[in-house]
$ cat data.pdb   # PDB, C-alpha atoms
ATOM      1  CA  MET A   1      52.655 -13.659 -55.092
ATOM      2  CA  LEU A   2      50.208 -10.904 -54.224
ATOM      3  CA  ASP A   3      50.845  -7.377 -55.411
ATOM      4  CA  GLU A   4      50.239  -4.422 -53.107
ATOM      5  CA  GLU A   5      46.803  -3.664 -54.516
ATOM      6  CA  GLU A   6      45.558  -7.175 -53.699
ATOM      7  CA  GLU A   7      47.014  -7.010 -50.190
ATOM      8  CA  GLU A   8      44.842  -3.997 -49.427
ATOM      9  CA  ILE A   9      41.438  -5.614 -49.978
ATOM     10  CA  PRO A  10      39.209  -4.073 -47.298
ATOM     11  CA  VAL A  11      37.458  -6.508 -44.985
ATOM     12  CA  PRO A  12      34.667  -4.838 -43.020
ATOM     13  CA  ILE A  13      33.881  -6.423 -39.647
ATOM     14  CA  ASN A  14      30.181  -5.962 -38.842
ATOM     15  CA  ASN A  15      29.455  -8.043 -35.743
ATOM     16  CA  ASP A  16      30.910 -10.146 -32.932
ATOM     17  CA  LEU A  17      30.932 -13.350 -34.998
ATOM     18  CA  GLU A  18      32.915 -11.685 -37.775
ATOM     19  CA  ARG A  19      35.321 -10.226 -35.187
ATOM     20  CA  ARG A  20      35.869 -13.681 -33.643
ATOM     21  CA  ILE A  21      36.515 -15.210 -37.070
ATOM     22  CA  ALA A  22      38.869 -12.388 -38.088
ATOM     23  CA  ASP A  23      40.753 -12.597 -34.783
ATOM     24  CA  THR A  24      41.247 -16.350 -35.183
ATOM     25  CA  PHE A  25      42.296 -15.934 -38.813
ATOM     26  CA  GLU A  26      44.806 -13.223 -37.912
ATOM     27  CA  VAL A  27      46.630 -15.574 -35.520
ATOM     28  CA  PHE A  28      47.766 -17.457 -38.652
ATOM     29  CA  ASP A  29      48.340 -14.354 -40.809
ATOM     30  CA  HIS A  30      52.098 -14.211 -40.295
ATOM     31  CA  ALA A  31      52.701 -11.569 -42.985
ATOM     32  CA  GLY A  32      49.936  -9.273 -41.673
ATOM     33  CA  ASN A  33      48.306  -8.989 -45.112
ATOM     34  CA  LYS A  34      44.958 -10.667 -44.302
ATOM     35  CA  THR A  35      46.171 -13.830 -46.056
ATOM     36  CA  VAL A  36      46.995 -17.290 -44.698
ATOM     37  CA  ASP A  37      48.474 -20.420 -46.189
ATOM     38  CA  SER A  38      45.605 -22.699 -47.216
ATOM     39  CA  ARG A  39      47.159 -25.506 -45.128
ATOM     40  CA  GLU A  40      46.114 -23.508 -42.034
ATOM     41  CA  ILE A  41      42.395 -23.452 -42.914
ATOM     42  CA  ALA A  42      41.525 -26.750 -41.203
ATOM     43  CA  THR A  43      43.142 -25.538 -37.984
ATOM     44  CA  ILE A  44      41.366 -22.168 -38.164
ATOM     45  CA  VAL A  45      37.966 -23.740 -38.862
ATOM     46  CA  ARG A  46      38.418 -26.198 -35.994
ATOM     47  CA  ALA A  47      39.594 -23.415 -33.671
ATOM     48  CA  LEU A  48      36.256 -21.735 -34.396
ATOM     49  CA  GLY A  49      34.436 -24.767 -32.977
ATOM     50  CA  CYS A  50      33.596 -26.563 -36.210
ATOM     51  CA  CYS A  51      34.452 -30.231 -36.751
ATOM     52  CA  PRO A  52      34.622 -30.829 -40.505
ATOM     53  CA  THR A  53      35.986 -34.008 -42.038
ATOM     54  CA  GLU A  54      39.042 -33.730 -44.281
ATOM     55  CA  ALA A  55      36.720 -33.933 -47.312
ATOM     56  CA  GLU A  56      34.657 -31.042 -45.927
ATOM     57  CA  VAL A  57      37.859 -29.045 -45.347
ATOM     58  CA  GLN A  58      38.670 -29.553 -49.037
ATOM     59  CA  GLU A  59      35.199 -28.232 -49.952
ATOM     60  CA  ILE A  60      35.828 -25.152 -47.819
ATOM     61  CA  LEU A  61      39.203 -24.646 -49.499
ATOM     62  CA  MET A  62      37.650 -24.877 -52.953
ATOM     63  CA  ALA A  63      35.230 -22.133 -51.943
ATOM     64  CA  VAL A  64      37.743 -19.761 -50.319
ATOM     65  CA  GLU A  65      41.167 -20.271 -51.931
ATOM     66  CA  MET A  66      42.344 -17.367 -54.059
ATOM     67  CA  PRO A  67      42.367 -18.371 -57.753
ATOM     68  CA  GLU A  68      45.068 -15.786 -58.486
ATOM     69  CA  ALA A  69      47.263 -17.111 -55.647
ATOM     70  CA  PRO A  70      46.780 -20.888 -55.227
ATOM     71  CA  GLY A  71      47.728 -22.024 -51.743
ATOM     72  CA  SER A  72      46.536 -18.766 -50.169
ATOM     73  CA  VAL A  73      43.277 -17.699 -48.577
ATOM     74  CA  HIS A  74      42.359 -14.044 -48.050
ATOM     75  CA  LEU A  75      40.143 -13.018 -45.163
ATOM     76  CA  SER A  76      37.712 -11.354 -47.612
ATOM     77  CA  ASN A  77      36.965 -14.792 -49.129
ATOM     78  CA  PHE A  78      37.100 -16.717 -45.859
ATOM     79  CA  LEU A  79      34.949 -14.479 -43.655
ATOM     80  CA  PRO A  80      31.572 -14.664 -45.453
ATOM     81  CA  HIS A  81      31.897 -18.385 -46.127
ATOM     82  CA  ILE A  82      32.756 -19.278 -42.524
ATOM     83  CA  CYS A  83      30.086 -16.912 -41.160
ATOM     84  CA  GLU A  84      27.536 -18.877 -43.175
ATOM     85  CA  ILE A  85      28.912 -22.225 -41.958
ATOM     86  CA  ILE A  86      28.792 -21.145 -38.311
ATOM     87  CA  THR A  87      25.388 -19.461 -38.604
ATOM     88  CA  GLU A  88      23.904 -22.578 -40.219
ATOM     89  CA  HIS A  89      25.475 -24.772 -37.500
ATOM     90  CA  LYS A  90      27.335 -26.927 -40.022
ATOM     91  CA  TYR A  91      30.112 -29.208 -38.828
ATOM     92  CA  GLN A  92      29.005 -29.106 -35.195
ATOM     93  CA  PRO A  93      30.847 -31.359 -32.750
ATOM     94  CA  ALA A  94      29.040 -34.409 -31.447
ATOM     95  CA  SER A  95      27.038 -33.965 -28.259
ATOM     96  CA  PRO A  96      28.051 -35.835 -25.090
ATOM     97  CA  ALA A  97      25.082 -38.184 -25.610
ATOM     98  CA  GLN A  98      26.185 -38.945 -29.180
ATOM     99  CA  LEU A  99      29.760 -39.578 -28.027
ATOM    100  CA  LEU A 100      28.571 -41.896 -25.265
ATOM    101  CA  GLU A 101      26.373 -43.824 -27.698
ATOM    102  CA  ALA A 102      29.291 -44.208 -30.130
ATOM    103  CA  PHE A 103      31.616 -45.496 -27.396
ATOM    104  CA  GLN A 104      28.943 -47.895 -26.164
ATOM    105  CA  ILE A 105      28.572 -49.312 -29.675
ATOM    106  CA  LEU A 106      32.333 -49.878 -29.811
ATOM    107  CA  ASP A 107      32.230 -51.452 -26.328
ATOM    108  CA  SER A 108      30.238 -54.517 -27.366
ATOM    109  CA  ASP A 109      30.907 -56.213 -23.988
ATOM    110  CA  GLY A 110      29.522 -53.229 -22.028
ATOM    111  CA  ARG A 111      32.633 -52.915 -19.834
ATOM    112  CA  GLY A 112      32.621 -49.115 -19.706
ATOM    113  CA  TYR A 113      36.060 -48.841 -21.296
ATOM    114  CA  LEU A 114      37.992 -49.619 -24.454
ATOM    115  CA  THR A 115      41.503 -51.003 -24.506
ATOM    116  CA  LYS A 116      44.326 -48.840 -25.811
ATOM    117  CA  GLU A 117      44.998 -51.355 -28.584
ATOM    118  CA  HIS A 118      41.347 -51.527 -29.673
ATOM    119  CA  ILE A 119      40.863 -47.765 -29.835
ATOM    120  CA  SER A 120      44.236 -47.296 -31.563
ATOM    121  CA  THR A 121      43.215 -49.764 -34.256
ATOM    122  CA  LEU A 122      39.817 -48.120 -34.704
ATOM    123  CA  MET A 123      41.251 -44.618 -34.897
ATOM    124  CA  THR A 124      43.956 -45.426 -37.445
ATOM    125  CA  GLN A 125      42.295 -47.990 -39.687
ATOM    126  CA  ASP A 126      38.557 -47.353 -39.823
ATOM    127  CA  GLY A 127      36.632 -44.371 -41.161
ATOM    128  CA  GLU A 128      38.720 -41.233 -41.534
ATOM    129  CA  PRO A 129      41.977 -42.343 -39.921
ATOM    130  CA  PHE A 130      43.817 -40.256 -37.343
ATOM    131  CA  THR A 131      47.475 -39.473 -37.916
ATOM    132  CA  GLN A 132      49.892 -40.859 -35.345
ATOM    133  CA  ASP A 133      50.278 -37.370 -33.839
ATOM    134  CA  GLU A 134      46.499 -36.967 -33.533
ATOM    135  CA  LEU A 135      46.200 -40.415 -31.975
ATOM    136  CA  ASP A 136      49.013 -39.709 -29.504
ATOM    137  CA  GLU A 137      47.389 -36.403 -28.510
ATOM    138  CA  MET A 138      44.019 -38.080 -27.940
ATOM    139  CA  LEU A 139      45.495 -41.016 -26.028
ATOM    140  CA  GLU A 140      47.467 -38.687 -23.768
ATOM    141  CA  ILE A 141      44.162 -37.411 -22.414
ATOM    142  CA  ALA A 142      41.987 -40.502 -22.874
ATOM    143  CA  ILE A 143      44.136 -43.330 -21.485
ATOM    144  CA  ASP A 144      44.017 -44.140 -17.798
ATOM    145  CA  PRO A 145      47.747 -44.528 -17.000
ATOM    146  CA  HIS A 146      47.086 -47.265 -14.436
ATOM    147  CA  THR A 147      44.852 -49.532 -16.535
ATOM    148  CA  GLN A 148      45.961 -48.513 -20.059
ATOM    149  CA  THR A 149      42.291 -48.344 -21.035
ATOM    150  CA  VAL A 150      39.953 -45.556 -22.130
ATOM    151  CA  PRO A 151      37.206 -45.223 -19.502
ATOM    152  CA  TYR A 152      34.987 -43.414 -21.978
ATOM    153  CA  GLU A 153      32.456 -41.750 -19.668
ATOM    154  CA  TYR A 154      35.347 -40.091 -17.807
ATOM    155  CA  TYR A 155      36.994 -39.171 -21.137
ATOM    156  CA  ILE A 156      33.770 -37.582 -22.457
ATOM    157  CA  ASN A 157      33.513 -35.551 -19.238
ATOM    158  CA  GLN A 158      37.108 -34.372 -19.723
ATOM    159  CA  LEU A 159      36.296 -33.309 -23.293
ATOM    160  CA  MET A 160      33.288 -31.335 -22.134
ATOM    161  CA  LEU A 161      35.390 -29.454 -19.566
ATOM    162  CA  ASP A 162      37.792 -28.293 -22.266
TER     163      ASP A 162
END
$ encode --input "data.pdb" --output "structure tokens"
Amino acid sequence: MLDEEEEEIPVPINNDLERRIADTFEVFDHAGNKTVDSREIATIVRALGCCPTEAEVQEILMAVEMPEAPGSVHLSNFLPHICEIITEHKYQPASPAQLLEAFQILDSDGRGYLTKEHISTLMTQDGEPFTQDELDEMLEIAIDPHTQTVPYEYYINQLMLD
């Protein structure tokens, strides 16, 4: 547990990027002491527009978690590290062209869509698997309710609108 002295670590905000990071961090700072549970870091980093893998999230945690309070991350540790990540354009999301190319590789027949079953299998068994909740959330947006397929060009356009 943090004592009062540790809770009062000053965190100067010097620019718009730092303000955006601090504002996002503070959404998860339920105690109002500039500290979040380390399990929230992946969500915060992704809310800032970065797309790290789970392994990369673990690297971030190793860099920012408070040694004196395992399981906690203070804004003073998080802010400079995430500023560097964002400034260096690390963990950027794939471009629409990259997404289209990936879908086309998966669509070996060139049909312009993937079946719900095929994409579900790919997303839960290959690479870094999605959880069932993540898969359900993606399919809710991606699946055409009439054909039960993922018309991927339409899906990519929907992603770009969000």
$ atom_distance --input "data.pdb" --atom1 "atom CA of A:Gln125" --atom2 "atom CA of A:Ile141"
20.3 Å
$ atom_distance --input "data.pdb" --atom1 "atom CA of A:Glu117" --atom2 "atom CA of A:Thr149"
8.6 Å
$ residues_around --input "data.pdb" --residues "A:Ser72" --least-positions-apart "6" --cutoff "7 Å" --atoms "only C-alpha atoms" --output "MDAnalysis selection string"
chainID A and resid 35:38 65:66
$ write_last_selection --input "data.pdb" --atoms "C-alpha atoms" --output "tab-separated table (two decimals), in the coordinates of the input"
chain	number	residue	atom	x	y	z
A	35	THR	CA	46.17	-13.83	-46.06
A	36	VAL	CA	47.00	-17.29	-44.70
A	37	ASP	CA	48.47	-20.42	-46.19
A	38	SER	CA	45.60	-22.70	-47.22
A	65	GLU	CA	41.17	-20.27	-51.93
A	66	MET	CA	42.34	-17.37	-54.06
$ residues_around --input "data.pdb" --residues "A:Ile44" --least-positions-apart "5" --cutoff "12 Å" --atoms "all atoms listed in the file" --output "PyMOL selection string"
chain A and resi 20-29+36-39+49-52+57+60-61+73+75+78-79+82
$ write_last_selection --input "data.pdb" --atoms "C-alpha atoms" --output "PDB file, in the coordinates of the input"
ATOM      1  CA  ARG A  20      35.869 -13.681 -33.643  1.00  0.00           C
ATOM      2  CA  ILE A  21      36.515 -15.210 -37.070  1.00  0.00           C
ATOM      3  CA  ALA A  22      38.869 -12.388 -38.088  1.00  0.00           C
ATOM      4  CA  ASP A  23      40.753 -12.597 -34.783  1.00  0.00           C
ATOM      5  CA  THR A  24      41.247 -16.350 -35.183  1.00  0.00           C
ATOM      6  CA  PHE A  25      42.296 -15.934 -38.813  1.00  0.00           C
ATOM      7  CA  GLU A  26      44.806 -13.223 -37.912  1.00  0.00           C
ATOM      8  CA  VAL A  27      46.630 -15.574 -35.520  1.00  0.00           C
ATOM      9  CA  PHE A  28      47.766 -17.457 -38.652  1.00  0.00           C
ATOM     10  CA  ASP A  29      48.340 -14.354 -40.809  1.00  0.00           C
ATOM     11  CA  VAL A  36      46.995 -17.290 -44.698  1.00  0.00           C
ATOM     12  CA  ASP A  37      48.474 -20.420 -46.189  1.00  0.00           C
ATOM     13  CA  SER A  38      45.605 -22.699 -47.216  1.00  0.00           C
ATOM     14  CA  ARG A  39      47.159 -25.506 -45.128  1.00  0.00           C
ATOM     15  CA  GLY A  49      34.436 -24.767 -32.977  1.00  0.00           C
ATOM     16  CA  CYS A  50      33.596 -26.563 -36.210  1.00  0.00           C
ATOM     17  CA  CYS A  51      34.452 -30.231 -36.751  1.00  0.00           C
ATOM     18  CA  PRO A  52      34.622 -30.829 -40.505  1.00  0.00           C
ATOM     19  CA  VAL A  57      37.859 -29.045 -45.347  1.00  0.00           C
ATOM     20  CA  ILE A  60      35.828 -25.152 -47.819  1.00  0.00           C
ATOM     21  CA  LEU A  61      39.203 -24.646 -49.499  1.00  0.00           C
ATOM     22  CA  VAL A  73      43.277 -17.699 -48.577  1.00  0.00           C
ATOM     23  CA  LEU A  75      40.143 -13.018 -45.163  1.00  0.00           C
ATOM     24  CA  PHE A  78      37.100 -16.717 -45.859  1.00  0.00           C
ATOM     25  CA  LEU A  79      34.949 -14.479 -43.655  1.00  0.00           C
ATOM     26  CA  ILE A  82      32.756 -19.278 -42.524  1.00  0.00           C
TER      27      ILE A  82
END
$ resolve_selection --input "data.pdb" --expression "the PyMOL selection byres ((chain A and resi 90-93) around 9)" --output "list in words"
Gly49, Cys50, Cys51, Pro52, Thr53, Glu56, Glu84, Ile85, Ile86, Thr87, Glu88, His89, Ala94 and Ser95 of chain A
$ atom_distance --input "data.pdb" --atom1 "atom CA of A:Lys116" --atom2 "atom CA of A:Ala42"
27.1 Å
$ residues_around --input "data.pdb" --residues "A:Leu159" --least-positions-apart "6" --cutoff "10 Å" --atoms "all atoms listed in the file" --output "PDB file with C-alpha atoms, in the coordinates of the input"
ATOM      1  CA  PRO A  96      28.051 -35.835 -25.090  1.00  0.00           C
ATOM      2  CA  ILE A 141      44.162 -37.411 -22.414  1.00  0.00           C
ATOM      3  CA  ALA A 142      41.987 -40.502 -22.874  1.00  0.00           C
ATOM      4  CA  GLU A 153      32.456 -41.750 -19.668  1.00  0.00           C
TER       5      GLU A 153
END
$ closest_residue --input "data.pdb" --among "A:Gln132, A:Met138, A:Cys83, A:Val64" --to "A:Asn14" --atoms "all atoms listed in the file"
A:Cys83
$ closest_residue --input "data.pdb" --among "A:Glu18, A:Glu101, A:Asp107, A:Asp133" --to "A:Ser76" --atoms "only C-alpha atoms"
A:Glu18
$ closest_residue --input "data.pdb" --among "A:Ala69, A:Met62, A:Leu122, A:Ala47" --to "A:Leu135" --atoms "all atoms listed in the file"
A:Leu122
$ resolve_selection --input "data.pdb" --expression "the PyMOL selection byres ((chain A and resi 109-113) around 9)" --output "list in words"
Phe103, Gln104, Ile105, Leu106, Asp107, Ser108, Leu114, Thr115, Thr149, Val150, Pro151, Tyr152 and Glu153 of chain A
